[in-house]
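Novice: I have a structure here, written as structure tokens, and I will follow up with some questions on it.
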Amino acid sequence: MAKPEKKQEEGAPSWMVTFADLMTLLLTFFVLLLSMSTLDNQRIKVALGSLRGSVGVLSGGGQPRDGRKEIARTKRVFQGPAELMTTMEEWVQKQVNTNNVSRDFIQIGHKDEAVFVSFDDSLLFAPGSTDLLPTAYPFLEDLGVMLAESRATVEVIGHSDDSTPIGYYENNWEVGAGRALAVLTYTARAGGLPGHRLKFSSHGEFLPKASNWTDEGRARNRRVELMLTLTSASDRWFYGEDRVIRPEDEGKGTKLGFPEENKR
């Protein structure tokens, strides 16, 4: 006698229903956990602030408790140099096209967060002199306007060769300083640069680009450089939140700290 065929149940097997119920409960449980949790943005910013100086992007010097404020201030530091470099390249091309300035007399480069612009001394000064040539006025005026719009901090650095200085200068530091100050003063007044964004210095003969044994090398060493940096968190960190900037330094027509009776 043949066994009766076992009647198959319709639908999914019973174990699959139980398994599906279990997965649904687990999913509900984890969704509930996620909905009850909150991300503490403040702690995240503080943690990021503690990495300042250790990841090569943000400048050093901050503490974890100050991370929120310092990150907000450093945004322009690591985003700006590329844009500033592009702006300077466009400015140089403009001088070549409109003011007949040779591209060989201006070099542009960058290091870390700073953009450097180097001018050969023959473009700016007569041999041995610290007085600007009249032919330098047009492009220095354009330079001042461009720098004012860029909001960069500007350091003008004078360099010389190892030749004995002429005139009343005792050493080449004085020659480099005199030339840097001449460029800074004219450019700042032409563009209305605020005084707190400006400084000048001199390396004299002690940072040459080439050998001083040849005329060509000495000519390369006689130069004026601009080091452009964008305002960073270190400014406020060093000077403090209460640093006072004089009202006349906040825009066009800066007085640069020169009293009216001393103007010539």
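Residue names in the structure tokens use chain letters A, B, ... in the order shown, residue numbers from 1 in each chain, and ligand numbers from 1 in the order shown.
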Near A:Leu181, within 9 Å and counting only C-alpha atoms, which residues show up once chain neighbours fewer than 4 positions away are dropped, as JSON, numbers by chain?

Specialist: {"A": [130, 156, 157, 158, 176, 177, 185, 186, 199, 200, 201]}

Novice: Any chance you could export the current selection's C-alpha atoms as an mmCIF file, in the first residue's frame?

Specialist:
```cif
data_model
loop_
_atom_site.group_PDB
_atom_site.id
_atom_site.type_symbol
_atom_site.label_atom_id
_atom_site.label_comp_id
_atom_site.auth_asym_id
_atom_site.auth_seq_id
_atom_site.Cartn_x
_atom_site.Cartn_y
_atom_site.Cartn_z
ATOM 1 C CA THR A 130 68.300 103.493 -2.816
ATOM 2 C CA VAL A 156 59.645 93.701 1.846
ATOM 3 C CA ILE A 157 63.143 92.216 2.062
ATOM 4 C CA GLY A 158 66.263 93.856 0.656
ATOM 5 C CA GLY A 176 69.190 96.361 1.522
ATOM 6 C CA ALA A 177 67.133 98.054 4.234
ATOM 7 C CA THR A 185 56.754 103.263 1.372
ATOM 8 C CA TYR A 186 55.909 103.983 -2.264
ATOM 9 C CA LYS A 199 57.109 95.459 7.494
ATOM 10 C CA PHE A 200 60.556 95.503 5.937
ATOM 11 C CA SER A 201 63.861 93.794 6.613
#
```

Novice: If you run DSSP on this backbone, which residues of stretch 86-179 of chain A come out as helix (DSSP H, G or I), and could you give them as a PyMOL selection string?

Specialist: chain A and resi 86-98+103-105+121-123+134-150+172-179

Novice: Store the residues of this selection in a file with N, CA and C atoms, as a CSV table (one decimal), in the first residue's frame.

Specialist:
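Contents of part-v2.csv, freshly written:
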```
chain,number,residue,atom,x,y,z
A,86,THR,N,48.1,82.7,-7.9
A,86,THR,CA,47.4,82.9,-9.2
A,86,THR,C,47.3,84.4,-9.5
A,87,THR,N,46.9,85.1,-8.4
A,87,THR,CA,46.7,86.6,-8.6
A,87,THR,C,48.0,87.3,-8.9
A,88,MET,N,49.1,86.8,-8.3
A,88,MET,CA,50.4,87.4,-8.6
A,88,MET,C,50.9,87.1,-10.0
A,89,GLU,N,50.6,85.9,-10.5
A,89,GLU,CA,51.0,85.5,-11.8
A,89,GLU,C,50.2,86.4,-12.8
A,90,GLU,N,48.9,86.6,-12.6
A,90,GLU,CA,48.2,87.5,-13.5
A,90,GLU,C,48.7,88.9,-13.4
A,91,TRP,N,49.1,89.4,-12.2
A,91,TRP,CA,49.6,90.8,-12.1
A,91,TRP,C,50.9,90.9,-12.9
A,92,VAL,N,51.8,89.9,-12.8
A,92,VAL,CA,53.0,90.0,-13.6
A,92,VAL,C,52.8,90.0,-15.1
A,93,GLN,N,51.8,89.2,-15.5
A,93,GLN,CA,51.5,89.2,-17.0
A,93,GLN,C,51.0,90.5,-17.4
A,94,LYS,N,50.2,91.2,-16.5
A,94,LYS,CA,49.7,92.5,-16.8
A,94,LYS,C,50.8,93.5,-17.0
A,95,GLN,N,51.8,93.4,-16.1
A,95,GLN,CA,52.9,94.4,-16.2
A,95,GLN,C,53.7,94.2,-17.5
A,96,VAL,N,53.9,92.9,-17.9
A,96,VAL,CA,54.6,92.6,-19.1
A,96,VAL,C,53.8,93.2,-20.3
A,97,ASN,N,52.5,93.1,-20.3
A,97,ASN,CA,51.7,93.5,-21.4
A,97,ASN,C,51.5,95.0,-21.5
A,98,THR,N,51.3,95.7,-20.3
A,98,THR,CA,50.9,97.1,-20.3
A,98,THR,C,52.1,98.1,-19.9
A,103,ARG,N,59.7,90.0,-18.2
A,103,ARG,CA,59.4,88.9,-17.3
A,103,ARG,C,60.6,88.3,-16.6
A,104,ASP,N,61.8,88.6,-17.2
A,104,ASP,CA,63.1,88.1,-16.7
A,104,ASP,C,63.4,88.8,-15.4
A,105,PHE,N,62.8,90.0,-15.1
A,105,PHE,CA,63.2,90.8,-14.0
A,105,PHE,C,62.3,90.5,-12.8
A,121,ASP,N,67.2,94.4,-8.9
A,121,ASP,CA,67.4,95.8,-8.5
A,121,ASP,C,67.5,96.7,-9.7
A,122,SER,N,67.9,96.2,-10.9
A,122,SER,CA,67.9,97.1,-12.1
A,122,SER,C,66.5,97.6,-12.5
A,123,LEU,N,65.5,96.9,-12.1
A,123,LEU,CA,64.1,97.3,-12.4
A,123,LEU,C,63.7,98.4,-11.5
A,134,PRO,N,62.1,106.5,-11.7
A,134,PRO,CA,60.7,106.8,-12.2
A,134,PRO,C,60.0,105.8,-13.0
A,135,THR,N,60.8,105.0,-13.7
A,135,THR,CA,60.2,103.9,-14.5
A,135,THR,C,59.5,102.8,-13.7
A,136,ALA,N,59.9,102.8,-12.4
A,136,ALA,CA,59.3,101.8,-11.5
A,136,ALA,C,58.0,102.2,-10.9
A,137,TYR,N,57.6,103.5,-11.0
A,137,TYR,CA,56.4,104.0,-10.4
A,137,TYR,C,55.1,103.3,-10.9
A,138,PRO,N,55.0,103.2,-12.2
A,138,PRO,CA,53.7,102.6,-12.7
A,138,PRO,C,53.4,101.2,-12.2
A,139,PHE,N,54.3,100.3,-12.2
A,139,PHE,CA,54.0,99.0,-11.8
A,139,PHE,C,54.0,98.8,-10.3
A,140,LEU,N,54.7,99.7,-9.6
A,140,LEU,CA,54.6,99.7,-8.1
A,140,LEU,C,53.2,100.2,-7.7
A,141,GLU,N,52.7,101.2,-8.4
A,141,GLU,CA,51.3,101.6,-8.1
A,141,GLU,C,50.3,100.5,-8.3
A,142,ASP,N,50.4,99.8,-9.4
A,142,ASP,CA,49.5,98.7,-9.6
A,142,ASP,C,49.7,97.6,-8.6
A,143,LEU,N,51.0,97.4,-8.1
A,143,LEU,CA,51.3,96.4,-7.1
A,143,LEU,C,50.6,96.8,-5.8
A,144,GLY,N,50.6,98.1,-5.4
A,144,GLY,CA,50.0,98.5,-4.2
A,144,GLY,C,48.5,98.3,-4.2
A,145,VAL,N,47.9,98.6,-5.3
A,145,VAL,CA,46.4,98.4,-5.4
A,145,VAL,C,46.1,96.9,-5.3
A,146,MET,N,46.8,96.1,-6.0
A,146,MET,CA,46.6,94.6,-5.9
A,146,MET,C,46.8,94.1,-4.5
A,147,LEU,N,47.8,94.5,-3.8
A,147,LEU,CA,48.1,94.0,-2.5
A,147,LEU,C,47.0,94.5,-1.5
A,148,ALA,N,46.5,95.7,-1.7
A,148,ALA,CA,45.5,96.2,-0.8
A,148,ALA,C,44.2,95.3,-1.0
A,149,GLU,N,43.9,94.9,-2.2
A,149,GLU,CA,42.7,94.0,-2.4
A,149,GLU,C,42.9,92.6,-1.9
A,150,SER,N,44.2,92.2,-1.9
A,150,SER,CA,44.4,90.8,-1.5
A,150,SER,C,44.4,90.5,0.0
A,172,ASN,N,76.2,96.5,3.7
A,172,ASN,CA,75.2,96.2,2.8
A,172,ASN,C,73.8,95.9,3.4
A,173,TRP,N,73.8,95.7,4.7
A,173,TRP,CA,72.5,95.6,5.4
A,173,TRP,C,71.8,96.9,5.3
A,174,GLU,N,72.5,98.0,5.4
A,174,GLU,CA,71.8,99.4,5.2
A,174,GLU,C,71.4,99.6,3.8
A,175,VAL,N,72.1,99.1,2.8
A,175,VAL,CA,71.7,99.2,1.4
A,175,VAL,C,70.4,98.4,1.2
A,176,GLY,N,70.4,97.2,1.7
A,176,GLY,CA,69.2,96.4,1.5
A,176,GLY,C,68.0,97.0,2.3
A,177,ALA,N,68.2,97.5,3.5
A,177,ALA,CA,67.1,98.1,4.2
A,177,ALA,C,66.6,99.3,3.6
A,178,GLY,N,67.5,100.2,3.0
A,178,GLY,CA,67.1,101.4,2.4
A,178,GLY,C,66.2,101.1,1.1
A,179,ARG,N,66.6,100.1,0.4
A,179,ARG,CA,65.8,99.7,-0.8
A,179,ARG,C,64.5,99.1,-0.5
```

Novice: Write out as a PyMOL selection string all residues of stretch 121-171 of chain A that backbone DSSP assigns to strand (DSSP E or B).

Specialist: chain A and resi 125+132+152-159

Novice: Of the residues A:Val154, A:Lys111, A:Val117, A:Phe30, which is the one nearest to A:Leu198, using only C-alpha atoms?

Specialist: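 Using only C-alpha atoms, A:Leu198 sits closest to A:Val154.
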
Novice: Quick one: distance from atom CA of A:Thr214 to atom CA of A:Val115 in Å, one decimal?

Specialist: 28.5 Å

Novice: Restricting the calculation to only C-alpha atoms, which member of A:Thr187, A:Asn171, A:Ser160, A:Thr24 is positioned closest to A:Leu132?

Specialist: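 Once distances to A:Leu132 are computed over only C-alpha atoms, the minimum belongs to A:Thr187.
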
Novice: Just give me the gap between atom CA of A:Ala114 and atom CA of A:Leu230 in Å, one decimal is fine.

Specialist: 7.9 Å

Novice: Just checking: using only C-alpha atoms, which residue out of A:Met23, A:Ala190, A:Ala182, A:Leu32 ends up closest to A:Leu133?

Specialist: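 Answer, going by the shortest atom-to-atom distance: A:Ala182.
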